[in-house]
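Text of upload.txt (compact mmCIF, N, CA and C atoms) as supplied:
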# COMPACT_ATOMS: atom_id res chain seq x y z
N TYR A 3 -130.13 229.42 95.54
CA TYR A 3 -131.07 228.41 95.12
C TYR A 3 -132.38 229.07 94.75
N CYS A 4 -132.96 228.64 93.69
CA CYS A 4 -134.26 229.15 93.24
C CYS A 4 -135.09 227.95 92.80
N ASN A 5 -136.18 227.72 93.48
CA ASN A 5 -136.97 226.53 93.15
C ASN A 5 -137.93 226.75 91.99
N ASN A 6 -137.99 227.99 91.47
CA ASN A 6 -138.84 228.28 90.33
C ASN A 6 -138.25 229.48 89.59
N PRO A 7 -138.18 229.44 88.27
CA PRO A 7 -137.58 230.56 87.54
C PRO A 7 -138.46 231.80 87.46
N LEU A 8 -139.71 231.71 87.87
CA LEU A 8 -140.61 232.86 87.86
C LEU A 8 -140.58 233.57 89.20
N SER A 9 -140.74 234.89 89.18
CA SER A 9 -140.55 235.67 90.41
C SER A 9 -141.60 235.41 91.48
N MET A 10 -142.89 235.46 91.15
CA MET A 10 -143.90 235.31 92.21
C MET A 10 -143.86 233.93 92.87
N PRO A 11 -143.78 232.84 92.11
CA PRO A 11 -143.69 231.54 92.78
C PRO A 11 -142.43 231.42 93.64
N SER A 12 -141.32 231.90 93.12
CA SER A 12 -140.06 231.81 93.86
C SER A 12 -140.10 232.64 95.13
N ARG A 13 -140.60 233.87 95.05
CA ARG A 13 -140.66 234.75 96.23
C ARG A 13 -141.66 234.23 97.26
N ASN A 14 -142.77 233.67 96.80
CA ASN A 14 -143.71 233.07 97.76
C ASN A 14 -143.04 231.93 98.50
N SER A 15 -142.22 231.16 97.81
CA SER A 15 -141.50 230.07 98.47
C SER A 15 -140.50 230.62 99.49
N MET A 16 -139.78 231.68 99.12
CA MET A 16 -138.82 232.27 100.06
C MET A 16 -139.52 232.85 101.28
N PHE A 17 -140.67 233.49 101.09
CA PHE A 17 -141.38 234.11 102.20
C PHE A 17 -142.05 233.10 103.12
N THR A 18 -142.41 231.94 102.59
CA THR A 18 -143.13 230.96 103.41
C THR A 18 -142.27 229.78 103.84
N GLY A 19 -141.23 229.47 103.07
CA GLY A 19 -140.44 228.29 103.35
C GLY A 19 -141.02 227.03 102.75
N TYR A 20 -142.05 227.17 101.94
CA TYR A 20 -142.70 226.03 101.29
C TYR A 20 -142.36 226.00 99.80
N TYR A 21 -142.43 224.83 99.20
CA TYR A 21 -142.22 224.69 97.77
C TYR A 21 -143.40 225.29 97.00
N THR A 22 -143.16 225.57 95.74
CA THR A 22 -144.16 226.19 94.88
C THR A 22 -145.47 225.41 94.86
N HIS A 23 -145.40 224.10 94.73
CA HIS A 23 -146.64 223.32 94.67
C HIS A 23 -147.40 223.36 96.00
N GLN A 24 -146.71 223.69 97.09
CA GLN A 24 -147.37 223.79 98.38
C GLN A 24 -148.01 225.16 98.59
N THR A 25 -147.42 226.21 98.00
CA THR A 25 -147.99 227.55 98.16
C THR A 25 -149.18 227.77 97.24
N GLY A 26 -149.24 227.03 96.14
CA GLY A 26 -150.33 227.20 95.19
C GLY A 26 -150.05 228.28 94.16
N ILE A 27 -148.91 228.96 94.25
CA ILE A 27 -148.55 229.98 93.28
C ILE A 27 -147.54 229.37 92.31
N THR A 28 -147.97 229.10 91.09
CA THR A 28 -147.11 228.43 90.13
C THR A 28 -146.78 229.30 88.92
N LYS A 29 -147.35 230.50 88.86
CA LYS A 29 -147.09 231.40 87.74
C LYS A 29 -147.12 232.84 88.24
N ASN A 30 -146.58 233.75 87.45
CA ASN A 30 -146.66 235.16 87.78
C ASN A 30 -148.08 235.66 87.58
N ALA A 31 -148.54 236.48 88.48
CA ALA A 31 -149.89 237.02 88.39
C ALA A 31 -149.88 238.27 87.52
N ALA A 32 -151.01 238.56 86.93
CA ALA A 32 -151.19 239.80 86.19
C ALA A 32 -152.10 240.70 87.01
N LYS A 33 -151.71 241.94 87.13
CA LYS A 33 -152.50 242.88 87.92
C LYS A 33 -153.85 243.11 87.26
N ASN A 34 -154.89 243.23 88.09
CA ASN A 34 -156.25 243.55 87.63
C ASN A 34 -156.88 242.49 86.74
N THR A 35 -156.58 241.23 87.02
CA THR A 35 -157.28 240.15 86.30
C THR A 35 -157.86 239.19 87.34
N THR A 36 -158.80 238.39 86.91
CA THR A 36 -159.42 237.42 87.82
C THR A 36 -158.83 236.03 87.64
N ASP A 37 -157.87 235.90 86.73
CA ASP A 37 -157.27 234.60 86.42
C ASP A 37 -156.11 234.25 87.34
N ASN A 38 -155.81 235.08 88.32
CA ASN A 38 -154.65 234.87 89.17
C ASN A 38 -154.88 233.79 90.21
N GLU A 39 -153.81 233.08 90.53
CA GLU A 39 -153.85 232.11 91.62
C GLU A 39 -153.90 232.89 92.94
N LYS A 40 -154.55 232.35 93.92
CA LYS A 40 -154.72 233.05 95.19
C LYS A 40 -153.59 232.72 96.15
N TYR A 41 -153.07 233.74 96.80
CA TYR A 41 -152.06 233.57 97.82
C TYR A 41 -152.66 232.81 99.00
N ASN A 42 -152.01 231.76 99.45
CA ASN A 42 -152.50 230.93 100.55
C ASN A 42 -152.17 231.60 101.88
N GLN A 43 -153.14 232.28 102.44
CA GLN A 43 -152.94 233.03 103.68
C GLN A 43 -152.80 232.12 104.91
N GLU A 44 -153.08 230.86 104.76
CA GLU A 44 -152.94 229.94 105.89
C GLU A 44 -151.48 229.56 106.15
N LEU A 45 -150.61 229.77 105.15
CA LEU A 45 -149.20 229.46 105.34
C LEU A 45 -148.52 230.60 106.09
N PRO A 46 -147.79 230.30 107.16
CA PRO A 46 -147.06 231.36 107.86
C PRO A 46 -145.96 231.90 106.97
N ASN A 47 -145.64 233.20 107.12
CA ASN A 47 -144.60 233.79 106.29
C ASN A 47 -143.72 234.72 107.12
N LEU A 48 -142.71 235.27 106.48
CA LEU A 48 -141.74 236.13 107.18
C LEU A 48 -142.40 237.32 107.86
N GLY A 49 -143.36 237.95 107.20
CA GLY A 49 -144.05 239.09 107.79
C GLY A 49 -144.71 238.73 109.11
N GLN A 50 -145.38 237.60 109.15
CA GLN A 50 -146.04 237.14 110.38
C GLN A 50 -145.03 236.79 111.46
N TYR A 51 -143.97 236.09 111.09
CA TYR A 51 -142.95 235.72 112.07
C TYR A 51 -142.35 236.95 112.74
N PHE A 52 -141.96 237.93 111.92
CA PHE A 52 -141.35 239.13 112.47
C PHE A 52 -142.36 239.97 113.26
N HIS A 53 -143.58 240.12 112.73
CA HIS A 53 -144.61 240.89 113.42
C HIS A 53 -144.95 240.25 114.77
N ASN A 54 -145.12 238.94 114.78
CA ASN A 54 -145.45 238.24 116.03
C ASN A 54 -144.31 238.26 117.05
N SER A 55 -143.10 238.54 116.57
CA SER A 55 -141.95 238.64 117.47
C SER A 55 -141.71 240.07 117.95
N GLY A 56 -142.60 240.97 117.59
CA GLY A 56 -142.52 242.34 118.08
C GLY A 56 -141.88 243.34 117.15
N TYR A 57 -141.48 242.93 115.96
CA TYR A 57 -140.88 243.85 115.00
C TYR A 57 -141.97 244.66 114.29
N LYS A 58 -141.63 245.87 113.90
CA LYS A 58 -142.49 246.64 113.01
C LYS A 58 -142.18 246.16 111.60
N THR A 59 -143.21 245.85 110.83
CA THR A 59 -143.00 245.26 109.51
C THR A 59 -143.57 246.14 108.41
N ALA A 60 -142.91 246.11 107.27
CA ALA A 60 -143.35 246.88 106.11
C ALA A 60 -142.95 246.14 104.84
N TYR A 61 -143.71 246.36 103.80
CA TYR A 61 -143.43 245.79 102.49
C TYR A 61 -143.33 246.96 101.52
N PHE A 62 -142.15 247.14 100.93
CA PHE A 62 -141.90 248.24 100.01
C PHE A 62 -141.61 247.70 98.61
N GLY A 63 -142.07 248.43 97.59
CA GLY A 63 -141.75 248.07 96.23
C GLY A 63 -142.77 247.14 95.61
N LYS A 64 -142.36 246.51 94.53
CA LYS A 64 -143.25 245.62 93.79
C LYS A 64 -143.61 244.40 94.62
N SER A 65 -144.88 244.08 94.64
CA SER A 65 -145.34 242.93 95.41
C SER A 65 -145.12 241.65 94.62
N HIS A 66 -144.49 240.69 95.27
CA HIS A 66 -144.29 239.39 94.65
C HIS A 66 -145.08 238.31 95.40
N LEU A 67 -145.95 238.75 96.31
CA LEU A 67 -146.78 237.80 97.04
C LEU A 67 -148.22 237.87 96.57
N SER A 68 -148.76 239.07 96.54
CA SER A 68 -150.15 239.27 96.15
C SER A 68 -150.32 240.73 95.75
N TYR A 69 -151.22 241.00 94.82
CA TYR A 69 -151.49 242.38 94.44
C TYR A 69 -152.53 243.03 95.34
N ASP A 70 -153.08 242.30 96.26
CA ASP A 70 -154.10 242.82 97.16
C ASP A 70 -153.45 243.35 98.43
N VAL A 71 -153.57 244.65 98.67
CA VAL A 71 -152.94 245.27 99.85
C VAL A 71 -153.45 244.64 101.14
N ASN A 72 -154.73 244.29 101.20
CA ASN A 72 -155.28 243.70 102.42
C ASN A 72 -154.67 242.33 102.70
N VAL A 73 -154.37 241.57 101.66
CA VAL A 73 -153.71 240.28 101.85
C VAL A 73 -152.33 240.48 102.45
N LEU A 74 -151.60 241.46 101.95
CA LEU A 74 -150.27 241.73 102.51
C LEU A 74 -150.35 242.18 103.96
N LYS A 75 -151.31 243.03 104.27
CA LYS A 75 -151.46 243.49 105.66
C LYS A 75 -151.88 242.35 106.58
N GLU A 76 -152.73 241.47 106.11
CA GLU A 76 -153.14 240.31 106.90
C GLU A 76 -152.00 239.30 107.03
N SER A 77 -150.99 239.42 106.18
CA SER A 77 -149.85 238.52 106.21
C SER A 77 -148.73 239.05 107.10
N GLY A 78 -149.04 240.00 107.94
CA GLY A 78 -148.07 240.47 108.92
C GLY A 78 -147.38 241.77 108.58
N PHE A 79 -147.65 242.34 107.42
CA PHE A 79 -147.01 243.60 107.05
C PHE A 79 -147.90 244.76 107.46
N GLN A 80 -147.42 245.55 108.42
CA GLN A 80 -148.22 246.65 108.95
C GLN A 80 -148.32 247.80 107.96
N GLN A 81 -147.28 248.02 107.20
CA GLN A 81 -147.26 249.11 106.23
C GLN A 81 -146.91 248.53 104.87
N VAL A 82 -147.64 248.96 103.86
CA VAL A 82 -147.38 248.51 102.49
C VAL A 82 -147.26 249.77 101.64
N ASN A 83 -146.12 249.94 100.98
CA ASN A 83 -145.91 251.11 100.12
C ASN A 83 -145.79 250.69 98.68
N GLU A 84 -146.32 251.52 97.80
CA GLU A 84 -146.36 251.22 96.38
C GLU A 84 -145.05 251.49 95.67
N SER A 85 -144.93 250.92 94.50
CA SER A 85 -143.86 251.29 93.58
C SER A 85 -144.48 251.54 92.23
N ASP A 86 -143.69 251.93 91.28
CA ASP A 86 -144.23 252.21 89.94
C ASP A 86 -144.29 250.99 89.05
N ASN A 87 -143.93 249.83 89.56
CA ASN A 87 -143.86 248.62 88.71
C ASN A 87 -144.93 247.61 89.05
N ASP A 88 -146.17 247.89 88.70
CA ASP A 88 -147.28 246.94 88.88
C ASP A 88 -147.45 246.46 90.31
N SER A 89 -147.11 247.23 91.28
CA SER A 89 -147.22 246.77 92.65
C SER A 89 -148.52 247.23 93.26
N VAL A 90 -148.72 246.84 94.48
CA VAL A 90 -149.92 247.23 95.21
C VAL A 90 -149.82 248.70 95.59
N VAL A 91 -150.95 249.30 95.86
CA VAL A 91 -151.00 250.69 96.31
C VAL A 91 -151.59 250.71 97.69
N SER A 92 -150.93 251.35 98.64
CA SER A 92 -151.46 251.39 100.01
C SER A 92 -152.40 252.54 100.19
structure tokens encoding of this file:
Amino acid sequence: YCNNPLSMPSRNSMFTGYYTHQTGITKNAAKNTTDNEKYNQELPNLGQYFHNSGYKTAYFGKSHLSYDVNVLKESGFQQVNESDNDSVVS
């Protein structure tokens, strides 16, 4: 099941359990622009659930949640590693 054909809205929904209109991410973001929709950090996500349960968490590869490394770390991911495809850099 995919509630949105675009990657960032769909992945935000998978990570949070909320629909696209609830996450606020309705389109793919472009790196290094100010026109991007902001990731809603108030919504709990998989990184937080696993981190709060005692797991070590990491996000590898292209980011489909936010291009801001600090947002990913605040979202429960202790380690964030870059990829060559427009992803965040740790």
Given the choices A:Asn42, A:Gln81, A:Asn72, A:Thr28, which gets closest to Thr59 (chain A) if the distance is worked out from all atoms listed in the file?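 Closest residue, counting all atoms listed in the file: A:Gln81.
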6.5 Å contact set for region 76-78 of chain A, only N, CA and C atoms, chain neighbours under 5 positions out, as a list of chain:residue names: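 Near neighbours after the sequence-gap exclusion: A:Gly49, A:Gln50, A:Tyr51, A:His53, A:Thr59, A:Ala60, A:Val71.
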Smallest atom-to-atom distance to Ser9 (chain A): which of A:Thr25, A:Asn47, A:Asn30, A:Ser55, using only C-alpha atoms? A:Asn30
Could you work out how far atom N of Asn14 (chain A) lies from CA of Phe79 (chain A), giving the answer in Å with one decimal? 14.9 Å
In Å to one decimal, how far is CA of Lys58 (chain A) from CA of Asn6 (chain A)?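 Computing it gives 29.4 Å between the two atoms.
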To one decimal in Å, tell me the separation between atom C of Cys4 (chain A) and atom C of Ser65 (chain A).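 Computed distance, atom C of Cys4 (chain A) to atom C of Ser65 (chain A), equals 17.1 Å.
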If you run DSSP on the backbone, which residues of region 56-85 of chain A are strand (DSSP E or B), as a PyMOL selection string? chain A and resi 60-62+81-83
Looking at only C-alpha atoms, which of A:Ala32, A:Tyr57, A:Gly63, A:Glu44 is the one that sits closest to Gln80 (chain A)? A:Tyr57
Best match for closeness to Thr18 (chain A) among A:Val73, A:Pro46, A:Tyr61, A:Gly56, counting all atoms listed in the file: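 Selected residue with least distance to Thr18 (chain A): A:Pro46.
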Surrounding residues of Lys40 (chain A) excluding itself and chain neighbours under 3 positions, 6.5 Å, all atoms listed in the file, as a ChimeraX atom specification: /A:26-27,43
I need every residue sitting at most 8 Å from the point (-143.9, 232.9, 99.5) (coordinates as in the file, only N, CA and C atoms considered), written as a PyMOL selection string. chain A and resi 10-20+25+46-48+66-67
